[in-house]
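One structure below.
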Amino acid sequence: MKHAKITDLAAGALDEIEELREKIDTLKARREEIVDAPIPLSEALSKLDQALDGIAARFSPDIGLLGKDASHQDFAIGHGTGDRPTEMLVWLFRDQIRQRIAEEMTAHAPKGALAAKQRTDRLAEIDRDLLAAEREEEALIVELEVGGFEIVRRPDADPRAVLGIED
Amino acid sequence: MTYNETKLQRLEDQSDDLRAAYVALSDQLREARAEWRVAHEELAQLESRYRIDESNPPAAILQRRRHVAKLKADTDRLQARANELSERSMKARQLVANLRGFIGRDKPLRVNVGNDR
C-alpha cells in the first residue's frame, strides 16, 4: 500500500515536472519573440540619426588654407579623402540621405514593435517567471531524488535554480 | 563544503558514473554484436549449404534461427539502452559544464535560497 502511494506521488511529481518543462519552453519561446521584436519607428529613426552622425564624423577632410604665395591655389584637400566615399557622401548630403532612408523606413515599418522600456519590462517579467518555474522544477526533482527516483535534468537548466542560489 | 558545492560535486559524480556506465555498456554491446554476427553468418552458411523445406524446416535450423533472433533482440535492446545512456550522459555533462561556467563567472556562491537540508 505504501509502495502504491509513493508511486502515485512520484507519478504526480513527474506530471508536474512535465508541465513545468512545457511552461519553461513556452516562456523561452516568448522571450525569443520579445528579444526579436522590432523597435518602434521613432527609436529606429533616432538610431538612424546616430548612425549617420557617426559615419559623417569619421570623415574629417584635411583642408588647409595655403596662402597666396604657397601655391597657385588658395586651399588643398588632403590625400585620402576619396578612400571613404560613404563617409564623404554622408558628410556632404546627410540630410538628404536621412530623409530618403527615413521615408523607406516609414513605408516598411513592421508591426508589433516594442519600445526599449516595454522590452526591458517584459523580459524582466518573463525572466522572473522562468526562474520561478525552474526553481519549482528543481524542487520537484530533489523531492523525487530523495524518494529514490532519478530524473534527468535539462542541460540548459538555470544554475541559480539547480544550485539554489539567490538572484 | 557548502550545500551548493556538495550538490555540484554530486552532479559531477553522477555525470562520471553515467559516462562509465555508457562505456561499459558499449563494450558489452560490441561483444553482443560480434556474437550475433558470427551466429548470423554461420546460419546463413548452413542455409546456403542445404536446401531447406520451409514448410517443414529441420529442428536444428529452427533452433539456430531462434538463437540468432534472440541474439539480435539482445543486441537491439543493448543498443537502445546505450543510446539512452549516451543521451543522459551527454545531458549530464552539459549541465555540469553549464553550472561550472556559471560559478566561474559568479564566484563566490551567494546565499542559498532553497532545498538546503
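If you're wondering about the labels, chains in the C-alpha cells are A, B, ... by order shown, residues count from 1 in each chain, ligands from 1 in order shown.
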Helix (DSSP H, G or I) positions in chain B, given as JSON, numbers by chain:
{"B": [3, 4, 5, 6, 7, 8, 9, 10, 11, 12, 13, 14, 15, 16, 17, 18, 19, 20, 21, 22, 23, 24, 25, 26, 27, 28, 29, 30, 31, 32, 33, 34, 35, 36, 37, 38, 39, 40, 41, 42, 43, 44, 45, 46, 47, 48, 49, 59, 60, 61, 62, 63, 64, 65, 66, 67, 68, 69, 70, 71, 72, 73, 74, 75, 76, 77, 78, 79, 80, 81, 82, 83, 84, 85, 86, 87, 88, 89, 90, 91, 92, 93, 94, 95, 96, 97, 98, 99, 100, 101, 102, 103, 104, 105]}
File of the preceding selection, C-alpha atoms, as an mmCIF file, in the first residue's frame:
data_model
loop_
_atom_site.group_PDB
_atom_site.id
_atom_site.type_symbol
_atom_site.label_atom_id
_atom_site.label_comp_id
_atom_site.auth_asym_id
_atom_site.auth_seq_id
_atom_site.Cartn_x
_atom_site.Cartn_y
_atom_site.Cartn_z
ATOM 1 C CA TYR B 3 25.222 22.777 0.030
ATOM 2 C CA ASN B 4 25.858 24.199 -3.437
ATOM 3 C CA GLU B 5 29.336 22.709 -3.699
ATOM 4 C CA THR B 6 28.124 19.345 -2.420
ATOM 5 C CA LYS B 7 25.320 19.346 -4.926
ATOM 6 C CA LEU B 8 27.594 20.286 -7.784
ATOM 7 C CA GLN B 9 30.017 17.553 -6.748
ATOM 8 C CA ARG B 10 27.156 15.051 -6.674
ATOM 9 C CA LEU B 11 26.025 16.097 -10.152
ATOM 10 C CA GLU B 12 29.600 15.720 -11.399
ATOM 11 C CA ASP B 13 29.820 12.265 -9.844
ATOM 12 C CA GLN B 14 26.517 11.324 -11.469
ATOM 13 C CA SER B 15 27.808 12.544 -14.799
ATOM 14 C CA ASP B 16 31.014 10.494 -14.397
ATOM 15 C CA ASP B 17 29.004 7.423 -13.374
ATOM 16 C CA LEU B 18 26.772 7.765 -16.397
ATOM 17 C CA ARG B 19 29.795 8.068 -18.646
ATOM 18 C CA ALA B 20 31.410 4.988 -17.082
ATOM 19 C CA ALA B 21 28.152 3.036 -17.424
ATOM 20 C CA TYR B 22 27.916 4.054 -21.060
ATOM 21 C CA VAL B 23 31.495 2.941 -21.765
ATOM 22 C CA ALA B 24 30.882 -0.405 -20.058
ATOM 23 C CA LEU B 25 27.654 -0.902 -21.961
ATOM 24 C CA SER B 26 29.345 -0.019 -25.232
ATOM 25 C CA ASP B 27 31.881 -2.791 -24.625
ATOM 26 C CA GLN B 28 29.050 -5.181 -23.846
ATOM 27 C CA LEU B 29 27.231 -4.087 -26.974
ATOM 28 C CA ARG B 30 30.315 -4.622 -29.115
ATOM 29 C CA GLU B 31 30.685 -8.172 -27.810
ATOM 30 C CA ALA B 32 26.987 -8.922 -28.256
ATOM 31 C CA ARG B 33 27.045 -7.608 -31.798
ATOM 32 C CA ALA B 34 30.105 -9.694 -32.628
ATOM 33 C CA GLU B 35 28.429 -12.800 -31.218
ATOM 34 C CA TRP B 36 25.276 -12.118 -33.212
ATOM 35 C CA ARG B 37 27.288 -11.560 -36.416
ATOM 36 C CA VAL B 38 29.112 -14.866 -36.032
ATOM 37 C CA ALA B 39 25.876 -16.765 -35.339
ATOM 38 C CA HIS B 40 24.111 -14.989 -38.181
ATOM 39 C CA GLU B 41 26.945 -15.814 -40.577
ATOM 40 C CA GLU B 42 27.009 -19.465 -39.515
ATOM 41 C CA LEU B 43 23.269 -19.731 -40.003
ATOM 42 C CA ALA B 44 23.499 -18.122 -43.436
ATOM 43 C CA GLN B 45 26.204 -20.650 -44.421
ATOM 44 C CA LEU B 46 24.089 -23.543 -43.193
ATOM 45 C CA GLU B 47 21.035 -22.252 -45.046
ATOM 46 C CA SER B 48 23.005 -21.868 -48.258
ATOM 47 C CA ARG B 49 24.607 -25.270 -47.935
ATOM 48 C CA ALA B 59 14.605 -28.624 -35.894
ATOM 49 C CA ALA B 60 18.312 -27.782 -35.785
ATOM 50 C CA ILE B 61 17.805 -24.935 -38.244
ATOM 51 C CA LEU B 62 14.787 -23.653 -36.355
ATOM 52 C CA GLN B 63 16.766 -23.727 -33.148
ATOM 53 C CA ARG B 64 19.607 -21.803 -34.773
ATOM 54 C CA ARG B 65 17.195 -19.245 -36.177
ATOM 55 C CA ARG B 66 15.663 -18.739 -32.768
ATOM 56 C CA HIS B 67 19.115 -18.371 -31.277
ATOM 57 C CA VAL B 68 20.138 -15.777 -33.880
ATOM 58 C CA ALA B 69 16.847 -13.913 -33.384
ATOM 59 C CA LYS B 70 17.417 -13.864 -29.637
ATOM 60 C CA LEU B 71 20.967 -12.557 -30.083
ATOM 61 C CA LYS B 72 19.641 -9.876 -32.416
ATOM 62 C CA ALA B 73 16.946 -8.872 -29.929
ATOM 63 C CA ASP B 74 19.554 -8.732 -27.144
ATOM 64 C CA THR B 75 21.791 -6.564 -29.322
ATOM 65 C CA ASP B 76 18.918 -4.226 -30.186
ATOM 66 C CA ARG B 77 17.975 -3.932 -26.531
ATOM 67 C CA LEU B 78 21.560 -3.115 -25.593
ATOM 68 C CA GLN B 79 21.761 -0.615 -28.426
ATOM 69 C CA ALA B 80 18.595 1.125 -27.215
ATOM 70 C CA ARG B 81 19.950 1.211 -23.661
ATOM 71 C CA ALA B 82 23.311 2.525 -24.907
ATOM 72 C CA ASN B 83 21.548 5.274 -26.876
ATOM 73 C CA GLU B 84 19.563 6.260 -23.812
ATOM 74 C CA LEU B 85 22.651 6.255 -21.590
ATOM 75 C CA SER B 86 24.607 8.215 -24.164
ATOM 76 C CA GLU B 87 21.920 10.910 -24.241
ATOM 77 C CA ARG B 88 21.642 11.064 -20.450
ATOM 78 C CA SER B 89 25.410 11.167 -20.091
ATOM 79 C CA MET B 90 25.659 13.975 -22.637
ATOM 80 C CA LYS B 91 22.925 15.992 -20.895
ATOM 81 C CA ALA B 92 24.583 15.476 -17.519
ATOM 82 C CA ARG B 93 27.938 16.643 -18.882
ATOM 83 C CA GLN B 94 26.353 19.707 -20.489
ATOM 84 C CA LEU B 95 24.585 20.567 -17.249
ATOM 85 C CA VAL B 96 27.780 20.270 -15.205
ATOM 86 C CA ALA B 97 29.654 22.413 -17.734
ATOM 87 C CA ASN B 98 26.818 24.939 -17.539
ATOM 88 C CA LEU B 99 26.975 25.026 -13.725
ATOM 89 C CA ARG B 100 30.773 25.180 -13.669
ATOM 90 C CA GLY B 101 30.715 28.022 -16.195
ATOM 91 C CA PHE B 102 28.205 29.917 -14.086
ATOM 92 C CA ILE B 103 30.214 29.522 -10.903
ATOM 93 C CA GLY B 104 33.353 30.525 -12.769
ATOM 94 C CA ARG B 105 31.858 33.881 -13.638
#
List every residue of chain A that has an atom at most 6 Å from any atom of chain B, giving for each one its closest atom pair and the distance in Å to one decimal, counting only C-alpha atoms, sorted by chain and then by ascending residue number, as CSV.
residue,atom,partner,partner_atom,distance
A:Pro155,CA,B:Leu95,CA,4.1
A:Pro159,CA,B:Leu99,CA,5.3
A:Leu163,CA,B:Asn4,CA,5.2
A:Gly164,CA,B:Gly114,CA,5.2
A:Ile165,CA,B:Asn112,CA,4.8
A:Glu166,CA,B:Val113,CA,5.8
Would you save the residues of that selection, restricted to all heavy atoms, as a PDB file, in the first residue's frame?
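Here's the written file again08.pdb:
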ATOM      1  N   PRO A 155      19.865  20.039 -19.634  1.00  0.00           N
ATOM      2  CA  PRO A 155      21.249  20.528 -19.670  1.00  0.00           C
ATOM      3  C   PRO A 155      21.337  22.044 -19.603  1.00  0.00           C
ATOM      4  O   PRO A 155      22.343  22.588 -19.153  1.00  0.00           O
ATOM      5  CB  PRO A 155      21.796  20.020 -21.007  1.00  0.00           C
ATOM      6  CG  PRO A 155      20.685  19.356 -21.720  1.00  0.00           C
ATOM      7  CD  PRO A 155      19.494  19.276 -20.828  1.00  0.00           C
ATOM      8  N   PRO A 159      21.474  27.627 -13.606  1.00  0.00           N
ATOM      9  CA  PRO A 159      22.318  27.244 -12.466  1.00  0.00           C
ATOM     10  C   PRO A 159      21.788  27.778 -11.138  1.00  0.00           C
ATOM     11  O   PRO A 159      21.930  27.139 -10.103  1.00  0.00           O
ATOM     12  CB  PRO A 159      23.673  27.863 -12.796  1.00  0.00           C
ATOM     13  CG  PRO A 159      23.680  28.022 -14.271  1.00  0.00           C
ATOM     14  CD  PRO A 159      22.254  28.311 -14.647  1.00  0.00           C
ATOM     15  N   LEU A 163      21.377  25.056  -8.273  1.00  0.00           N
ATOM     16  CA  LEU A 163      22.241  25.158  -7.093  1.00  0.00           C
ATOM     17  C   LEU A 163      21.591  25.940  -5.947  1.00  0.00           C
ATOM     18  O   LEU A 163      22.195  26.132  -4.906  1.00  0.00           O
ATOM     19  CB  LEU A 163      23.578  25.804  -7.477  1.00  0.00           C
ATOM     20  CG  LEU A 163      24.405  25.012  -8.497  1.00  0.00           C
ATOM     21  CD1 LEU A 163      25.660  25.778  -8.879  1.00  0.00           C
ATOM     22  CD2 LEU A 163      24.764  23.638  -7.964  1.00  0.00           C
ATOM     23  N   GLY A 164      20.351  26.392  -6.168  1.00  0.00           N
ATOM     24  CA  GLY A 164      19.655  27.112  -5.103  1.00  0.00           C
ATOM     25  C   GLY A 164      20.335  28.411  -4.723  1.00  0.00           C
ATOM     26  O   GLY A 164      20.584  28.680  -3.552  1.00  0.00           O
ATOM     27  N   ILE A 165      20.642  29.206  -5.731  1.00  0.00           N
ATOM     28  CA  ILE A 165      21.356  30.463  -5.487  1.00  0.00           C
ATOM     29  C   ILE A 165      20.408  31.642  -5.700  1.00  0.00           C
ATOM     30  O   ILE A 165      19.594  31.631  -6.623  1.00  0.00           O
ATOM     31  CB  ILE A 165      22.564  30.583  -6.458  1.00  0.00           C
ATOM     32  CG1 ILE A 165      23.553  29.464  -6.172  1.00  0.00           C
ATOM     33  CG2 ILE A 165      23.239  31.930  -6.331  1.00  0.00           C
ATOM     34  CD1 ILE A 165      24.603  29.323  -7.236  1.00  0.00           C
ATOM     35  N   GLU A 166      20.549  32.635  -4.836  1.00  0.00           N
ATOM     36  CA  GLU A 166      19.737  33.850  -4.981  1.00  0.00           C
ATOM     37  C   GLU A 166      20.072  34.568  -6.279  1.00  0.00           C
ATOM     38  O   GLU A 166      21.158  34.403  -6.815  1.00  0.00           O
ATOM     39  CB  GLU A 166      20.034  34.813  -3.821  1.00  0.00           C
ATOM     40  CG  GLU A 166      19.137  34.629  -2.632  1.00  0.00           C
ATOM     41  CD  GLU A 166      19.409  35.679  -1.575  1.00  0.00           C
ATOM     42  OE1 GLU A 166      20.399  36.416  -1.718  1.00  0.00           O
ATOM     43  OE2 GLU A 166      18.642  35.745  -0.614  1.00  0.00           O
TER      44      GLU A 166
END
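Taking atom CA of Val35 of chain A and atom CA of Leu114 of chain A as endpoints, the distance between them is 9.3 Å.
Pairwise distance (atom CA of Asp158 of chain A, atom CA of Glu134 of chain A) equals 6.9 Å.
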